[in-house]
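Undergrad: Structure supplied as coords_11.txt; contents: compact mmCIF, C-alpha atoms.
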```txt
# COMPACT_ATOMS: atom_id res chain seq x y z
CA MET N 652 12.32 -37.10 3.99
CA GLY N 653 13.01 -36.34 7.63
CA ASP N 654 16.74 -36.08 6.95
CA GLY N 655 16.05 -33.83 3.95
CA ILE N 656 13.92 -31.50 6.05
CA GLY N 657 16.56 -31.53 8.73
CA ARG N 658 19.29 -30.63 6.22
CA TYR N 659 17.09 -27.83 4.78
CA ARG N 660 16.42 -26.44 8.24
CA GLY N 661 20.10 -26.62 9.00
CA THR N 662 20.93 -24.73 5.81
CA GLU N 663 18.25 -22.16 6.51
CA SER N 664 19.59 -21.66 10.00
CA LYS N 665 23.14 -21.20 8.71
CA LEU N 666 21.86 -18.67 6.15
CA ALA N 667 20.05 -16.73 8.84
CA GLN N 668 23.22 -16.77 10.94
CA TRP N 669 25.24 -15.54 7.97
CA LEU N 670 22.78 -12.70 7.34
CA ARG N 671 23.06 -11.66 10.97
CA ARG N 672 26.87 -11.70 10.72
CA ARG N 673 26.98 -9.50 7.61
CA PRO N 674 28.74 -6.24 8.36
CA LYS N 675 26.36 -3.34 8.75
CA ARG N 676 26.72 -0.36 6.43
CA THR N 677 28.79 2.28 8.18
CA LYS N 678 28.59 6.03 7.77
CA ALA N 679 31.81 5.86 5.76
CA ASP N 680 30.24 3.29 3.39
CA THR N 681 27.28 5.60 2.82
CA GLU N 682 29.52 8.61 2.22
CA ASN N 683 31.70 6.67 -0.22
CA GLU N 684 28.65 5.49 -2.16
CA ARG N 685 27.29 9.05 -2.25
CA GLU N 686 30.58 10.40 -3.58
CA LYS N 687 30.75 7.69 -6.27
CA LEU N 688 27.21 8.50 -7.43
CA LEU N 689 28.01 12.21 -7.68
CA LEU N 690 31.27 11.59 -9.55
CA ALA N 691 29.43 9.34 -12.00
CA VAL N 692 27.03 12.20 -12.77
CA ALA N 693 29.94 14.59 -13.32
CA ALA N 694 31.73 12.03 -15.50
CA ALA N 695 28.63 11.96 -17.71
CA GLY N 696 29.08 15.71 -18.24
CA LEU N 697 26.20 16.90 -16.04
CA PRO N 698 27.24 19.95 -13.96
CA LEU N 699 26.64 19.80 -10.20
CA ALA N 700 26.32 22.23 -7.30
CA PRO N 701 25.52 21.76 -3.58
CA ALA N 702 21.93 22.07 -2.37
CA ALA N 703 20.12 22.28 0.93
CA TYR N 704 19.19 19.12 2.81
CA PRO N 705 16.33 18.00 5.07
CA VAL N 706 16.34 18.35 8.83
CA GLY N 707 13.28 16.32 9.70
CA TYR N 708 10.44 18.13 7.96
CA ARG N 709 12.43 21.38 7.80
CA CYS N 710 15.13 22.71 5.49
CA SER N 711 18.77 23.17 6.42
CA CYS N 712 18.63 26.77 5.14
CA GLU N 713 16.67 27.65 8.30
CA ARG N 714 14.46 29.98 6.32
CA ILE N 715 11.14 30.20 8.11
CA GLY N 716 8.50 28.63 5.90
CA CYS N 717 10.99 27.63 3.18
CA PRO N 718 8.70 26.89 0.18
CA THR N 719 11.00 24.22 -1.27
CA PRO N 720 12.74 22.54 1.68
CA ALA N 721 15.87 20.59 0.70
CA ARG N 722 15.10 21.17 -2.99
CA HIS N 723 17.07 24.36 -3.70
CA PRO N 724 20.76 25.22 -4.21
CA VAL N 725 22.82 26.60 -1.35
CA SER N 726 24.23 29.49 -3.37
CA PHE N 727 22.35 32.06 -5.46
CA ALA N 728 25.26 31.70 -7.91
CA TRP N 729 24.45 28.04 -8.57
CA GLN N 730 24.44 28.48 -12.35
CA THR N 731 28.04 29.69 -12.48
CA GLN N 732 29.06 27.46 -9.58
CA SER N 733 27.84 24.26 -11.26
CA THR N 734 30.75 22.14 -12.45
CA THR N 735 31.87 18.70 -13.56
CA ASP N 736 35.35 19.16 -12.03
CA ARG N 737 36.13 15.98 -10.11
CA ALA N 738 38.34 17.63 -7.48
CA GLN N 739 35.75 20.30 -6.68
CA ILE N 740 32.93 17.77 -6.37
CA GLU N 741 35.06 15.61 -4.08
CA ARG N 742 35.72 18.67 -1.88
CA TRP N 743 32.02 19.52 -1.71
CA ALA N 744 31.05 15.93 -0.96
CA ARG N 745 33.58 15.63 1.86
CA THR N 746 33.13 19.06 3.46
CA GLN N 747 29.32 19.05 3.13
CA PRO N 748 28.44 15.43 3.98
CA GLU N 749 24.71 16.14 4.49
CA ALA N 750 24.19 18.27 1.38
CA ASN N 751 21.92 17.34 -1.48
CA PHE N 752 23.15 18.18 -4.99
CA ILE N 753 21.45 19.75 -7.99
CA THR N 754 22.38 19.60 -11.65
CA ALA N 755 21.88 22.74 -13.73
CA THR N 756 19.78 22.09 -16.83
CA GLY N 757 19.92 23.84 -20.18
CA MET N 758 23.71 23.58 -20.47
CA VAL N 759 24.29 19.96 -21.46
CA HIS N 760 20.95 18.39 -20.71
CA ASP N 761 17.27 19.08 -20.12
CA VAL N 762 14.94 17.13 -17.84
CA LEU N 763 11.34 16.14 -18.51
CA ASP N 764 9.73 15.87 -15.07
CA VAL N 765 6.42 14.00 -14.68
CA PRO N 766 4.24 12.43 -11.94
CA LEU N 767 5.54 9.01 -10.96
CA PRO N 768 2.53 6.95 -12.20
CA ALA N 769 2.63 8.73 -15.57
CA GLY N 770 6.38 8.20 -15.79
CA ARG N 771 6.04 4.47 -15.20
CA ALA N 772 3.41 4.15 -17.94
CA ALA N 773 5.42 6.25 -20.40
CA LEU N 774 8.66 4.39 -19.72
CA GLU N 775 6.96 1.03 -20.34
CA ARG N 776 5.57 2.32 -23.64
CA LEU N 777 8.87 3.85 -24.77
CA LEU N 778 10.87 0.70 -24.04
CA ALA N 779 8.24 -1.48 -25.75
CA GLU N 780 8.47 0.73 -28.84
CA GLY N 781 12.26 0.46 -28.86
CA VAL N 782 12.82 4.16 -28.19
CA ASP N 783 16.23 5.03 -26.75
CA VAL N 784 15.59 6.27 -23.22
CA GLY N 785 18.40 8.02 -21.38
CA PRO N 786 19.01 8.39 -17.65
CA VAL N 787 15.91 8.28 -15.45
CA VAL N 788 15.59 9.33 -11.81
CA VAL N 789 12.76 8.36 -9.45
CA SER N 790 11.81 10.28 -6.33
CA ASP N 791 10.20 8.01 -3.77
CA ALA N 792 6.66 8.92 -2.78
CA ALA N 793 5.72 9.84 0.77
CA GLU N 794 3.85 7.18 2.74
CA ASP N 795 0.73 9.34 3.04
CA ARG N 796 0.71 10.01 -0.74
CA PRO N 797 2.04 6.90 -2.50
CA ASP N 798 1.40 8.34 -5.98
CA ALA N 799 2.97 11.74 -5.31
CA GLY N 800 6.51 10.90 -6.41
CA ARG N 801 8.12 12.19 -9.59
CA MET N 802 10.05 10.61 -12.45
CA LEU N 803 12.75 12.61 -14.23
CA PHE N 804 13.77 11.81 -17.80
CA PHE N 805 17.19 13.26 -18.70
CA THR N 806 17.55 14.32 -22.33
CA ALA N 807 19.89 16.32 -24.53
CA THR N 808 19.30 20.06 -24.26
CA ARG N 809 17.49 21.95 -26.97
CA GLY N 810 19.94 24.81 -26.55
CA THR N 811 18.57 28.21 -27.55
CA PRO N 812 16.14 27.99 -30.48
CA GLU N 813 16.40 30.65 -33.17
CA ASP N 814 12.66 31.19 -32.86
CA GLU N 815 11.93 32.07 -29.23
CA ASP N 816 8.27 31.14 -29.81
CA GLU N 817 9.45 27.52 -29.94
CA TRP N 818 10.96 27.78 -26.47
CA TRP N 819 9.00 25.86 -23.87
CA PRO N 820 9.57 27.39 -20.44
CA CYS N 821 10.18 25.45 -17.27
CA GLU N 822 7.15 24.68 -15.10
CA LEU N 823 5.32 24.16 -18.37
CA ASP N 824 1.94 23.41 -16.84
CA CYS N 825 2.01 25.90 -13.98
CA HIS N 826 0.20 28.65 -15.86
CA PRO N 827 -3.56 28.62 -16.60
CA GLU N 828 -3.07 28.75 -20.36
CA THR N 829 -0.84 25.67 -20.46
CA MET N 830 -1.93 23.51 -17.52
CA ASP N 831 -4.74 21.76 -19.38
CA GLU N 832 -2.59 21.11 -22.44
CA HIS N 833 0.37 19.63 -20.57
CA PRO N 834 -0.93 18.43 -17.17
CA GLY N 835 1.77 17.49 -14.72
CA LEU N 836 4.72 17.93 -17.12
CA ARG N 837 7.69 20.21 -16.42
CA TRP N 838 10.44 20.74 -18.94
CA HIS N 839 13.56 21.84 -17.07
CA CYS N 840 15.81 23.66 -19.49
CA ARG N 841 17.64 27.00 -19.49
CA GLY N 842 17.75 28.55 -16.03
CA SER N 843 16.42 25.55 -14.11
CA TYR N 844 17.78 22.61 -12.13
CA VAL N 845 16.79 19.29 -10.58
CA LEU N 846 18.08 17.28 -7.66
CA VAL N 847 20.23 14.24 -8.37
CA PRO N 848 20.62 11.00 -6.39
CA PRO N 849 21.19 10.28 -3.61
CA SER N 850 19.42 13.48 -2.50
CA ARG N 851 16.98 13.17 0.38
CA LEU N 852 13.62 14.90 0.74
CA PRO N 853 11.97 16.03 3.98
CA GLY N 854 10.34 13.39 6.15
CA ASP N 855 10.76 11.59 9.46
CA GLU N 856 14.33 11.49 10.65
CA GLY N 857 16.02 8.38 9.29
CA ALA N 858 13.21 7.62 6.84
CA GLN N 859 13.33 10.43 4.30
CA PRO N 860 12.16 9.75 0.78
CA VAL N 861 15.17 9.68 -1.53
CA LEU N 862 16.04 10.05 -5.19
CA THR N 863 17.48 7.02 -6.97
CA TRP N 864 18.70 6.23 -10.48
CA LEU N 865 16.31 3.92 -12.31
CA ARG N 866 18.59 4.22 -15.36
CA GLY N 867 22.05 5.56 -14.62
CA PRO N 868 23.82 8.64 -16.01
CA GLU N 869 25.97 6.42 -18.23
CA HIS N 870 23.06 6.10 -20.69
CA PRO N 871 23.33 8.46 -23.71
CA LEU N 872 21.04 11.50 -23.64
CA PRO N 873 18.15 11.15 -26.13
CA GLU N 874 16.46 13.94 -28.04
CA PRO N 875 13.61 15.28 -25.85
CA LEU N 876 11.08 15.31 -28.67
CA ASN N 877 11.51 11.53 -29.00
CA LEU N 878 10.02 11.12 -25.50
CA LEU N 879 7.57 13.98 -25.40
CA GLU N 880 4.51 12.36 -26.99
CA ALA N 881 4.57 9.32 -24.69
CA LEU N 882 5.11 11.51 -21.61
CA THR N 883 2.37 13.99 -22.54
CA ASP N 884 -0.12 11.19 -23.24
CA ALA N 885 0.69 9.46 -19.96
CA CYS N 886 0.38 12.72 -18.01
CA GLY N 887 -2.99 13.41 -19.61
CA ARG N 888 -4.33 9.99 -18.66
CA HIS N 889 -2.97 10.34 -15.13
CA ALA N 890 -4.60 13.77 -14.70
CA ALA N 891 -7.93 12.41 -15.97
CA GLU N 892 -7.79 9.49 -13.53
CA GLN N 893 -7.03 11.84 -10.65
CA ALA N 894 -9.94 14.09 -11.61
CA GLU N 895 -12.31 11.12 -11.69
CA GLN N 896 -11.13 10.01 -8.25
CA GLY N 897 -11.21 13.51 -6.82
CA ALA N 898 -7.53 13.14 -5.91
CA PRO N 899 -5.25 16.15 -5.37
CA GLY N 900 -3.12 17.24 -8.33
CA ASP N 901 0.65 16.92 -8.60
CA HIS N 902 1.35 20.57 -9.23
CA GLU N 903 2.71 21.29 -5.77
CA ILE N 904 5.32 18.51 -6.14
CA ALA N 905 7.16 20.26 -8.99
CA TRP N 906 10.87 20.87 -8.79
CA PRO N 907 11.34 24.62 -8.31
CA LEU N 908 12.93 27.16 -10.57
CA SER N 909 14.36 29.31 -7.83
CA ARG N 910 14.69 29.65 -4.10
```
I'd like the structure from this file rewritten - as structure tokens, please.

TA:
Amino acid sequence: MGDGIGRYRGTESKLAQWLRRRPKRTKADTENEREKLLLAVAAAGLPLAPAAYPVGYRCSCERIGCPTPARHPVSFAWQTQSTTDRAQIERWARTQPEANFITATGMVHDVLDVPLPAGRAALERLLAEGVDVGPVVVSDAAEDRPDAGRMLFFTATRGTPEDEDEWWPCELDCHPETMDEHPGLRWHCRGSYVLVPPSRLPGDEGAQPVLTWLRGPEHPLPEPLNLLEALTDACGRHAAEQAEQGAPGDHEIAWPLSR
């Protein structure tokens, strides 16, 4: 037994030594990974454009009191600027190494944007029911508000309905007449955008919350109505739980429509 313990300790020691010898991730490694992630989004047909990025708790746009730091496009012409052209995205990624990126919705895809706890519950239900779920992005929560992250469900776009009364606007729950009916749910469609991984959000230098793919952009885009019931139900339960606990709402965490 003594020899066995000795051999185990020797193996453990060698493993620890190997871990210490592993090459650290360089800035070039990080930039290459970032570029690959962005090109994968473009390859899936989702148009991209550069966005602002965090500088500590501030925004790179240097606008005093920026209401959406690191969450908005750089250019006011982001809708026409958005592209899937590989060469252009490579140029942006290499000449703007700190930039976040947004994808314009309502062209190829829409995004159903919900509080993180509600998104987890809805995703579990959808997968259990065998519903085809497309790409999903998670935004990490801040340390002081562990439940304040968001989950983004990418879907096919509804296009432009013939009956405009059927059109559900972005920031669906941000108006008094709709907030109770659809608590916490935003439907990003025509004229909106969301950040894509590996975008960073404001926080302490070197420890910013980031966006990551839970399900990558290679997954086919589902019809949004196939996900809507599960997401709405989960958002309703989450809002009720928050109300019971006296917790703050998620409305201020929404992805913006404009700068």

Undergrad: Can you tell me, as AutoDock Vina command-line options, the centre and edge lengths (Å, one decimal) of the axis-aligned box enclosing all of region 882-890 of chain N's listed atoms after padding each side by 4 Å?

TA:
```
--center_x 0.3 --center_y 11.7 --center_z -19.0 --size_x 17.7 --size_y 12.5 --size_z 16.5
```

Undergrad: For a test of reading the model, state the distance in Å between CA of Gln739 (chain N) and CA of Leu690 (chain N), rounded to one decimal.

TA: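 Taking CA of Gln739 (chain N) and CA of Leu690 (chain N), their separation equals 10.2 Å.
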
Undergrad: Measure the distance from CA of Thr719 (chain N) to CA of Gly757 (chain N) in Å and round it to one decimal.

TA: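 CA of Gly757 (chain N) lies at a distance of 20.9 Å from CA of Thr719 (chain N).
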
Undergrad: Identify which of the residues N:Gly785, N:Pro834, N:Pro766, N:Pro748 lies closest to Ala703 (chain N), counting all atoms listed in the file when measuring atom-to-atom distances.

TA: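 Among the listed residues, N:Pro748 lies closest to Ala703 (chain N).
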
Undergrad: If you count only C-alpha atoms, which residues fall within 12 Å of Arg714 (chain N), apart from same-chain ones fewer than 3 positions away, as a PyMOL selection string?

TA: chain N and resi 703+709-711+717-721+723+725+910

Undergrad: Excluding Arg776 (chain N) and any residue of its chain fewer than 2 positions from it, enumerate the residues within 12 Å of it, using only C-alpha atoms, and give them as a ChimeraX atom specification.

TA: /N:769-774,778-784,878-882,884-885

Undergrad: With a distance cut-off of 9 Å and all atoms listed in the file, select the neighbouring residues of region 802-807 of chain N, excluding the residue or stretch itself and same-chain residues fewer than 3 positions from it, and output the selection as a PyMOL selection string.

TA: chain N and resi 757+759-771+784-790+810+845+868+871-875+878

Undergrad: So what do you get for CA of Glu686 (chain N) versus CA of Asn751 (chain N), distance-wise?

TA: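 Straight-line distance from CA of Glu686 (chain N) to CA of Asn751 (chain N) works out to 11.3 Å.
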
Undergrad: Near region 699-702 of chain N, counting all atoms listed in the file, which residues have an atom at most 8 Å away, once you skip same-chain residues fewer than 4 positions from it, shown as an MDAnalysis selection string?

TA: chainID N and resid 693 721:726 729 732:735 740 743 750:755

Undergrad: Taking 6 positions as the minimum chain separation for residues in the same chain, which residues sit within 12 Å of Glu682 (chain N) when counting only C-alpha atoms? Answer as a ChimeraX atom specification.

TA: /N:676,688-689,741,743-750,849

Undergrad: May I ask which of the residues N:Ala894, N:Ala728, N:Ala691, N:Ile715 is the closest one to Gly867 (chain N), counting only C-alpha atoms?

TA: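 Closest to Gly867 (chain N) of all the choices is N:Ala691.
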